[in-house]
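Enquirer: Hey, dropping target06.pdb in here, PDB, C-alpha atoms and all ligand atoms:
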MODEL        1
ATOM      1  CA  MET R 166       1.376  56.300  11.906
ATOM      2  CA  GLU R 167      -0.967  57.652  14.457
ATOM      3  CA  GLN R 168       0.298  58.722  17.870
ATOM      4  CA  ASN R 169      -1.521  57.010  20.718
ATOM      5  CA  PRO R 170      -2.373  59.746  23.231
ATOM      6  CA  ALA R 171      -2.348  57.229  26.084
ATOM      7  CA  LEU R 172       1.333  56.631  25.378
ATOM      8  CA  ALA R 173       2.352  60.181  24.551
ATOM      9  CA  LEU R 174       5.635  61.258  26.093
ATOM     10  CA  PRO R 175       6.054  64.607  27.815
ATOM     11  CA  GLU R 176       8.654  65.362  25.166
ATOM     12  CA  THR R 177       9.616  63.778  21.884
ATOM     13  CA  GLY R 178      13.078  62.408  21.369
ATOM     14  CA  LEU R 179      13.441  60.987  24.879
ATOM     15  CA  SER R 180      17.015  59.877  25.410
ATOM     16  CA  PHE R 181      17.865  56.629  27.144
ATOM     17  CA  MET R 182      20.791  54.302  27.799
ATOM     18  CA  LYS R 183      21.080  50.586  27.198
ATOM     19  CA  MET R 184      23.058  48.804  29.912
ATOM     20  CA  HIS R 185      23.507  45.263  31.127
ATOM     21  CA  GLY R 186      24.983  43.307  34.002
ATOM     22  CA  LEU R 187      25.856  39.741  32.922
ATOM     23  CA  GLY R 188      23.341  39.988  30.088
ATOM     24  CA  ASN R 189      20.506  41.072  32.428
ATOM     25  CA  ASP R 190      19.632  44.061  30.233
ATOM     26  CA  PHE R 191      18.161  47.444  30.994
ATOM     27  CA  VAL R 192      16.840  50.601  29.458
ATOM     28  CA  VAL R 193      17.841  53.455  31.754
ATOM     29  CA  ILE R 194      16.123  56.830  31.604
ATOM     30  CA  ASP R 195      17.860  59.682  33.405
ATOM     31  CA  SER R 196      15.079  61.932  34.711
ATOM     32  CA  ARG R 197      17.137  63.861  37.221
ATOM     33  CA  GLY R 198      15.982  67.488  37.182
ATOM     34  CA  ARG R 199      12.491  66.713  35.897
ATOM     35  CA  GLU R 200       9.376  64.688  36.728
ATOM     36  CA  ALA R 201       9.317  60.914  36.174
ATOM     37  CA  VAL R 202       8.234  59.955  32.644
ATOM     38  CA  THR R 203       7.687  56.203  32.934
ATOM     39  CA  THR R 204       4.181  54.777  32.837
ATOM     40  CA  PRO R 205       3.156  51.111  32.554
ATOM     41  CA  GLU R 206       2.267  51.759  28.902
ATOM     42  CA  LEU R 207       5.667  53.275  28.118
ATOM     43  CA  ALA R 208       7.441  50.397  29.905
ATOM     44  CA  ARG R 209       5.510  47.837  27.841
ATOM     45  CA  ALA R 210       6.085  49.719  24.561
ATOM     46  CA  LEU R 211       9.833  50.168  25.172
ATOM     47  CA  GLY R 212      10.130  46.638  26.539
ATOM     48  CA  ASP R 213       8.783  45.027  23.362
ATOM     49  CA  ARG R 214      11.890  43.450  21.781
ATOM     50  CA  HIS R 215      10.352  43.648  18.285
ATOM     51  CA  ARG R 216       8.459  46.945  18.236
ATOM     52  CA  GLY R 217      10.385  48.786  20.929
ATOM     53  CA  VAL R 218      13.903  48.632  22.378
ATOM     54  CA  GLY R 219      13.677  45.534  24.555
ATOM     55  CA  PHE R 220      14.844  45.088  28.140
ATOM     56  CA  ASP R 221      14.510  42.847  31.161
ATOM     57  CA  GLN R 222      13.987  45.899  33.396
ATOM     58  CA  LEU R 223      13.591  49.612  32.878
ATOM     59  CA  ALA R 224      15.263  51.815  35.487
ATOM     60  CA  GLU R 225      14.456  55.500  35.859
ATOM     61  CA  ILE R 226      16.922  57.753  37.687
ATOM     62  CA  LEU R 227      15.224  60.494  39.715
ATOM     63  CA  ASP R 228      16.283  63.198  42.156
ATOM     64  CA  SER R 229      16.391  62.225  45.818
ATOM     65  CA  ASP R 230      16.424  64.322  49.002
ATOM     66  CA  SER R 231      18.004  61.579  51.091
ATOM     67  CA  ALA R 232      20.562  60.014  48.705
ATOM     68  CA  ASP R 233      22.633  60.795  45.615
ATOM     69  CA  PHE R 234      19.733  59.633  43.425
ATOM     70  CA  ARG R 235      16.527  57.626  43.415
ATOM     71  CA  LEU R 236      15.885  54.545  41.235
ATOM     72  CA  ASP R 237      12.511  53.178  40.136
ATOM     73  CA  PHE R 238      12.300  49.776  38.412
ATOM     74  CA  TRP R 239       9.802  48.389  35.899
ATOM     75  CA  ASN R 240       9.423  44.969  34.280
ATOM     76  CA  SER R 241       8.726  44.473  30.572
ATOM     77  CA  ASP R 242       5.078  43.562  31.317
ATOM     78  CA  GLY R 243       4.586  47.088  32.749
ATOM     79  CA  SER R 244       4.652  46.008  36.416
ATOM     80  CA  ARG R 245       6.876  47.638  39.046
ATOM     81  CA  ALA R 246       9.822  45.856  40.684
ATOM     82  CA  GLY R 247      10.848  46.881  44.196
ATOM     83  CA  ALA R 248      14.468  45.897  43.638
ATOM     84  CA  CYS R 249      16.828  45.192  40.780
ATOM     85  CA  GLY R 250      20.358  44.452  41.858
ATOM     86  CA  ASN R 251      22.048  44.403  38.457
ATOM     87  CA  ALA R 252      20.422  47.661  37.276
ATOM     88  CA  THR R 253      21.421  49.217  40.611
ATOM     89  CA  ARG R 254      25.047  48.254  39.953
ATOM     90  CA  CYS R 255      24.929  49.522  36.332
ATOM     91  CA  VAL R 256      23.323  52.867  37.177
ATOM     92  CA  SER R 257      25.609  53.353  40.196
ATOM     93  CA  ASP R 258      28.592  52.813  37.897
ATOM     94  CA  PHE R 259      27.219  55.472  35.512
ATOM     95  CA  VAL R 260      26.564  57.985  38.317
ATOM     96  CA  MET R 261      29.969  57.341  39.937
ATOM     97  CA  ARG R 262      31.740  57.903  36.592
ATOM     98  CA  GLY R 263      29.771  61.120  36.009
ATOM     99  CA  ALA R 264      30.597  62.474  39.451
ATOM    100  CA  GLY R 265      34.175  61.171  39.626
ATOM    101  CA  ARG R 266      33.354  59.164  42.741
ATOM    102  CA  GLU R 267      33.945  55.625  43.920
ATOM    103  CA  ALA R 268      30.817  55.261  46.077
ATOM    104  CA  VAL R 269      27.204  56.453  45.973
ATOM    105  CA  THR R 270      23.976  56.137  47.928
ATOM    106  CA  LEU R 271      20.571  55.664  46.322
ATOM    107  CA  SER R 272      16.997  55.415  47.455
ATOM    108  CA  THR R 273      14.624  52.730  46.152
ATOM    109  CA  SER R 274      11.128  51.725  47.189
ATOM    110  CA  ARG R 275      12.666  49.403  49.805
ATOM    111  CA  GLY R 276      14.885  52.084  51.323
ATOM    112  CA  LEU R 277      18.392  53.471  51.195
ATOM    113  CA  LEU R 278      21.085  51.378  49.446
ATOM    114  CA  SER R 279      24.762  52.010  48.792
ATOM    115  CA  ALA R 280      27.119  51.017  45.994
ATOM    116  CA  ARG R 281      30.830  51.285  45.369
ATOM    117  CA  ARG R 282      33.512  50.397  42.860
ATOM    118  CA  ARG R 283      36.003  47.779  43.990
ATOM    119  CA  ALA R 284      39.716  47.955  43.267
ATOM    120  CA  ASP R 285      39.262  45.322  40.516
ATOM    121  CA  GLY R 286      36.719  47.577  38.739
ATOM    122  CA  LEU R 287      33.672  45.459  39.564
ATOM    123  CA  VAL R 288      30.728  47.263  41.157
ATOM    124  CA  SER R 289      29.243  46.158  44.492
ATOM    125  CA  VAL R 290      25.851  47.051  45.899
ATOM    126  CA  ASN R 291      24.611  46.528  49.435
ATOM    127  CA  MET R 292      21.081  45.220  48.837
ATOM    128  CA  GLY R 293      20.187  45.513  52.532
ATOM    129  CA  ALA R 294      19.022  42.877  54.980
ATOM    130  CA  PRO R 295      17.051  39.923  53.578
ATOM    131  CA  GLN R 296      13.349  39.798  54.488
ATOM    132  CA  LEU R 297      12.753  36.441  56.142
ATOM    133  CA  ASP R 298       9.348  37.044  57.725
ATOM    134  CA  TRP R 299       6.377  35.648  55.744
ATOM    135  CA  ALA R 300       4.557  39.002  55.718
ATOM    136  CA  GLU R 301       7.575  40.862  54.381
ATOM    137  CA  VAL R 302       8.252  38.539  51.401
ATOM    138  CA  PRO R 303       5.156  38.731  51.036
ATOM    139  CA  LEU R 304       3.451  35.334  51.454
ATOM    140  CA  ALA R 305      -0.294  34.770  51.687
ATOM    141  CA  ARG R 306      -0.321  33.590  55.318
ATOM    142  CA  ASP R 307       1.875  32.807  58.290
ATOM    143  CA  MET R 308       4.286  29.988  57.403
ATOM    144  CA  ASP R 309       7.893  28.844  57.698
ATOM    145  CA  THR R 310       9.709  30.739  54.936
ATOM    146  CA  LEU R 311      12.553  28.170  55.035
ATOM    147  CA  HIS R 312      10.224  25.367  53.941
ATOM    148  CA  LEU R 313       7.309  26.453  51.783
ATOM    149  CA  PRO R 314       4.417  24.017  51.366
ATOM    150  CA  LEU R 315       5.127  23.515  47.658
ATOM    151  CA  PRO R 316       6.537  20.525  45.758
ATOM    152  CA  GLY R 317      10.341  20.821  45.801
ATOM    153  CA  ASP R 318      10.444  22.353  49.323
ATOM    154  CA  PRO R 319      11.555  25.861  48.247
ATOM    155  CA  VAL R 320      12.690  28.793  50.431
ATOM    156  CA  ALA R 321      11.072  32.252  50.333
ATOM    157  CA  VAL R 322      13.336  35.299  50.679
ATOM    158  CA  GLY R 323      12.531  38.965  50.161
ATOM    159  CA  MET R 324      15.248  41.304  48.882
ATOM    160  CA  GLY R 325      12.895  44.237  48.398
ATOM    161  CA  ASN R 326      11.128  41.903  45.953
ATOM    162  CA  PRO R 327       9.882  38.335  46.431
ATOM    163  CA  HIS R 328      11.955  35.253  45.584
ATOM    164  CA  CYS R 329      11.188  31.536  45.732
ATOM    165  CA  VAL R 330      14.390  29.475  45.699
ATOM    166  CA  PHE R 331      14.458  25.770  44.783
ATOM    167  CA  PHE R 332      17.551  23.689  45.513
ATOM    168  CA  VAL R 333      17.783  20.997  42.856
ATOM    169  CA  PRO R 334      20.389  18.352  41.984
ATOM    170  CA  ASP R 335      21.112  19.955  38.583
ATOM    171  CA  ALA R 336      19.878  23.488  37.827
ATOM    172  CA  GLN R 337      21.032  23.016  34.230
ATOM    173  CA  ALA R 338      18.455  20.268  33.716
ATOM    174  CA  VAL R 339      15.436  22.235  35.039
ATOM    175  CA  ASP R 340      12.685  23.230  32.603
ATOM    176  CA  VAL R 341      12.684  26.851  33.813
ATOM    177  CA  ALA R 342      10.124  28.074  31.251
ATOM    178  CA  GLY R 343       7.832  25.159  32.065
ATOM    179  CA  THR R 344       8.050  25.463  35.872
ATOM    180  CA  GLY R 345       8.583  29.190  36.450
ATOM    181  CA  PRO R 346       5.195  30.661  35.471
ATOM    182  CA  GLY R 347       3.212  28.294  37.731
ATOM    183  CA  VAL R 348       5.337  29.234  40.753
ATOM    184  CA  GLU R 349       5.296  32.957  39.840
ATOM    185  CA  HIS R 350       1.493  32.889  39.962
ATOM    186  CA  ASP R 351       1.025  30.450  42.879
ATOM    187  CA  PRO R 352      -1.555  31.801  45.392
ATOM    188  CA  LEU R 353       1.090  31.555  48.137
ATOM    189  CA  PHE R 354       2.575  34.733  46.603
ATOM    190  CA  PRO R 355       0.022  37.570  46.622
ATOM    191  CA  ALA R 356       2.456  39.860  44.734
ATOM    192  CA  ARG R 357       3.679  36.981  42.488
ATOM    193  CA  THR R 358       7.323  35.960  42.805
ATOM    194  CA  ASN R 359      10.672  35.620  41.089
ATOM    195  CA  VAL R 360      11.746  31.966  40.907
ATOM    196  CA  GLU R 361      15.298  30.616  41.248
ATOM    197  CA  PHE R 362      16.666  27.107  40.689
ATOM    198  CA  ALA R 363      20.071  26.444  42.216
ATOM    199  CA  SER R 364      22.456  23.554  42.718
ATOM    200  CA  LEU R 365      25.635  23.314  44.754
ATOM    201  CA  THR R 366      28.610  22.743  42.419
ATOM    202  CA  ALA R 367      31.463  23.207  44.928
ATOM    203  CA  PRO R 368      31.728  24.353  48.527
ATOM    204  CA  ASP R 369      30.421  27.960  48.449
ATOM    205  CA  ARG R 370      29.621  27.853  44.724
ATOM    206  CA  LEU R 371      26.157  27.606  43.173
ATOM    207  CA  ARG R 372      24.797  27.226  39.646
ATOM    208  CA  MET R 373      21.606  29.305  39.425
ATOM    209  CA  ARG R 374      18.933  29.888  36.792
ATOM    210  CA  VAL R 375      16.017  32.257  37.086
ATOM    211  CA  TRP R 376      12.440  32.904  36.046
ATOM    212  CA  GLU R 377      11.704  36.572  36.733
ATOM    213  CA  ARG R 378       8.317  37.898  37.736
ATOM    214  CA  GLY R 379       6.966  40.155  35.002
ATOM    215  CA  THR R 380       9.762  39.341  32.549
ATOM    216  CA  GLY R 381      10.434  35.576  32.229
ATOM    217  CA  ILE R 382      13.801  33.852  31.786
ATOM    218  CA  THR R 383      16.731  36.256  32.060
ATOM    219  CA  LEU R 384      20.485  35.627  31.841
ATOM    220  CA  ALA R 385      21.012  36.862  35.399
ATOM    221  CA  CYS R 386      19.170  38.357  38.359
ATOM    222  CA  GLY R 387      21.098  40.179  41.055
ATOM    223  CA  SER R 388      18.427  40.192  43.736
ATOM    224  CA  GLY R 389      17.775  36.529  42.849
ATOM    225  CA  ALA R 390      21.449  35.733  43.386
ATOM    226  CA  CYS R 391      21.279  37.451  46.810
ATOM    227  CA  ALA R 392      18.102  35.566  47.760
ATOM    228  CA  THR R 393      19.657  32.274  46.645
ATOM    229  CA  ALA R 394      22.850  32.879  48.638
ATOM    230  CA  VAL R 395      20.809  33.738  51.749
ATOM    231  CA  ALA R 396      18.620  30.650  51.303
ATOM    232  CA  ALA R 397      21.660  28.401  50.744
ATOM    233  CA  HIS R 398      23.302  29.648  53.933
ATOM    234  CA  LEU R 399      20.108  29.305  55.971
ATOM    235  CA  ARG R 400      19.699  25.734  54.706
ATOM    236  CA  GLY R 401      23.248  24.950  55.815
ATOM    237  CA  LEU R 402      24.546  24.394  52.274
ATOM    238  CA  THR R 403      27.102  27.211  52.138
ATOM    239  CA  GLY R 404      28.880  29.850  54.177
ATOM    240  CA  ARG R 405      27.863  33.504  54.023
ATOM    241  CA  ARG R 406      29.982  34.223  50.966
ATOM    242  CA  VAL R 407      29.286  32.430  47.690
ATOM    243  CA  LEU R 408      30.061  32.571  43.992
ATOM    244  CA  LEU R 409      27.067  32.114  41.710
ATOM    245  CA  ASP R 410      27.296  30.953  38.096
ATOM    246  CA  LEU R 411      24.337  32.363  36.177
ATOM    247  CA  ASP R 412      23.548  31.916  32.477
ATOM    248  CA  GLY R 413      25.184  35.302  31.738
ATOM    249  CA  GLY R 414      28.215  35.152  34.028
ATOM    250  CA  GLN R 415      29.326  35.234  37.655
ATOM    251  CA  LEU R 416      28.214  37.179  40.700
ATOM    252  CA  GLU R 417      29.742  37.222  44.170
ATOM    253  CA  VAL R 418      27.403  37.498  47.120
ATOM    254  CA  ASP R 419      28.541  38.190  50.664
ATOM    255  CA  TRP R 420      25.925  38.307  53.445
ATOM    256  CA  ARG R 421      27.556  40.634  55.965
ATOM    257  CA  GLU R 422      26.390  42.257  59.193
ATOM    258  CA  ASP R 423      25.356  45.415  57.332
ATOM    259  CA  GLY R 424      23.488  43.670  54.509
ATOM    260  CA  VAL R 425      23.795  41.425  51.467
ATOM    261  CA  TRP R 426      26.577  42.655  49.189
ATOM    262  CA  MET R 427      26.464  41.636  45.543
ATOM    263  CA  THR R 428      29.383  42.223  43.171
ATOM    264  CA  GLY R 429      29.794  41.795  39.422
ATOM    265  CA  PRO R 430      30.437  43.414  36.044
ATOM    266  CA  THR R 431      28.524  46.310  34.490
ATOM    267  CA  ALA R 432      28.255  47.474  30.877
ATOM    268  CA  HIS R 433      26.942  50.645  29.225
ATOM    269  CA  VAL R 434      26.156  49.547  25.662
ATOM    270  CA  PHE R 435      24.901  52.760  24.056
ATOM    271  CA  THR R 436      23.012  55.997  24.537
ATOM    272  CA  ALA R 437      20.265  56.752  22.036
ATOM    273  CA  THR R 438      17.228  58.893  21.411
ATOM    274  CA  LEU R 439      13.726  57.650  20.688
ATOM    275  CA  ALA R 440      12.350  58.790  17.349
ATOM    276  CA  PRO R 441       9.787  61.578  17.664
ATOM    277  CA  GLY R 442       6.342  60.012  17.836
ATOM    278  CA  PHE R 443       7.427  56.795  19.577
ATOM    279  CA  PRO R 444       5.548  54.955  20.840
ATOM    280  CA  VAL R 445       2.951  54.818  18.077
ATOM    281  CA  ALA R 446      -0.417  53.104  18.175
ATOM    282  CA  ARG R 447      -0.359  49.473  17.154
ATOM    283  CA  PRO R 448      -3.055  47.904  15.046
TER     284      PRO R 448
HETATM  285  N1  LIG W 501      16.939  41.434  37.416
HETATM  286  C1  LIG W 501      16.747  42.111  38.658
HETATM  287  C2  LIG W 501      15.551  41.695  39.438
HETATM  288  C3  LIG W 501      14.242  42.000  38.779
HETATM  289  C4  LIG W 501      13.128  41.497  39.603
HETATM  290  C5  LIG W 501      11.810  41.736  38.978
HETATM  291  N2  LIG W 501      11.568  40.797  37.908
HETATM  292  C6  LIG W 501      10.699  41.720  40.010
HETATM  293  O1  LIG W 501       9.540  41.795  39.576
HETATM  294  O2  LIG W 501      10.951  41.648  41.213
HETATM  295  C7  LIG W 501      17.964  42.045  39.531
HETATM  296  O3  LIG W 501      19.085  42.043  39.019
HETATM  297  O4  LIG W 501      17.838  42.036  40.765
ENDMDL
END
As structure tokens, please, write out the structure in this file.
Expert:
Amino acid sequence: MEQNPALALPETGLSFMKMHGLGNDFVVIDSRGREAVTTPELARALGDRHRGVGFDQLAEILDSDSADFRLDFWNSDGSRAGACGNATRCVSDFVMRGAGREAVTLSTSRGLLSARRRADGLVSVNMGAPQLDWAEVPLARDMDTLHLPLPGDPVAVGMGNPHCVFFVPDAQAVDVAGTGPGVEHDPLFPARTNVEFASLTAPDRLRMRVWERGTGITLACGSGACATAVAAHLRGLTGRRVLLDLDGGQLEVDWREDGVWMTGPTAHVFTATLAPGFPVARP
């Protein structure tokens, strides 16, 4: 096996954690006290579910001057994600446990966020204010973000990353794999987009399924749940606080004065070490 120099790690035997929030799964690399190690090549190699470890997102923990830590997010196709709500909750849980604290602050590419453990053990993150201006999402040109000029009349919401939310009669019946990629790559979204399909199942309760930019179908998407709750409220379907049923479980979203709070379970599955020489060149 020949080592590919383009993928060489700064050290062999890199240690990482596998975590998930409602089955939205992550590889987490703790790089506090050193330089960042993630590159697009490493993200793709680790993200390969057959030849690597497999994940929906990779999160790298880094030192921060302005918060308890910094978090960078990557998709399995090697692209960057500006936000990842479930990984933020999982990593915050890990950092809080390590420090014996019940609340932390973190910096991401969209700014400063905060997280805390609730009395019931679930972890909440304040994902910040939704981005409702076309340029912030971002969209290709000035338009009404509440009614995009696409079949299905979706809503665009930014949560530090772009989301396109469709309200449908039955989210369960949607061909997510068939519809998602076309929307992800629609020219209306210059940075591509995450795509959500949601239906109202009770007052203030939504069934939601997701196609994630750079990853595909996932069992849950925290920022997608926030975007969907914001869109549902703005469309007059729900109040500001909703319960979302995703393929992997439930999330609570509460759009408060100080930002969009998202609450749910977290899991640390294992900690492991990459074999020396990984990743190796592939034929
Ligand atoms: N699963 C993540 C979102 C990943 C979004 C990513 N696919 C992007 O490119 O924006 C979450 O819990 O918020």
Enquirer: Can you turn the PyMOL selection byres (((not hetatm)) within 9 of (chain W and resi 501)) into a concrete residue list for this file, as JSON, numbers by chain?
Expert: {"R": [186, 189, 190, 191, 221, 222, 238, 239, 240, 241, 244, 245, 246, 247, 248, 249, 250, 251, 252, 253, 254, 324, 325, 326, 327, 328, 356, 357, 358, 359, 376, 377, 378, 379, 380, 381, 383, 384, 385, 386, 387, 388, 389, 390, 391]}
Enquirer: Draw an axis-aligned box over all listed atoms of range 418-426 of chain R, pad each side with 4 Å, and write its centre and edge lengths in Å, one decimal, as lines of an AutoDock Vina configuration file.
Expert:
center_x = 26.0
center_y = 41.5
center_z = 53.2
size_x = 13.1
size_y = 15.9
size_z = 20.1
Enquirer: Using Å and a single decimal, report how far CA of Val425 in chain R sits from CA of Leu304 in chain R.
Expert: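 Interatomic distance here is 21.2 Å.
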Enquirer: Between R:Phe435, R:Gly414, R:His215, R:Val256, which one has atoms that come closest to Val290 in chain R, using all atoms listed in the file?
Expert: R:Val256
Enquirer: Rounded to one decimal, what separation in Å do you get between CA of Asp258 in chain R and CA of Ala280 in chain R?
Expert: 8.4 Å
Enquirer: Could you state which residues are captured by the PyMOL selection byres (((chain R and resi 296) around 6) and not hetatm) in this file, as a list in words?
Expert: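 So the PyMOL selection byres (((chain R and resi 296) around 6) and not hetatm) ends up selecting Pro295, Leu297, Asp298, Glu301, Val322 and Gly323 of chain R.
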Enquirer: Write out the residues from the selection above, keeping C-alpha atoms, as a tab-separated table (two decimals), in the coordinates of the input.
Expert:
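Written output follows (result_18.tsv):
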chain	number	residue	atom	x	y	z
R	295	PRO	CA	17.05	39.92	53.58
R	297	LEU	CA	12.75	36.44	56.14
R	298	ASP	CA	9.35	37.04	57.72
R	301	GLU	CA	7.58	40.86	54.38
R	322	VAL	CA	13.34	35.30	50.68
R	323	GLY	CA	12.53	38.97	50.16
Enquirer: Skipping near chain neighbours, those fewer than 2 positions away, what residues fall within 8 Å of Trp299 in chain R using all atoms listed in the file, listed as a list in words?
Expert: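 What passes the distance filter is Leu297, Glu301, Val302, Pro303, Leu304, Ala305, Arg306, Asp307, Met308, Asp309, Thr310 and Ala321 of chain R.
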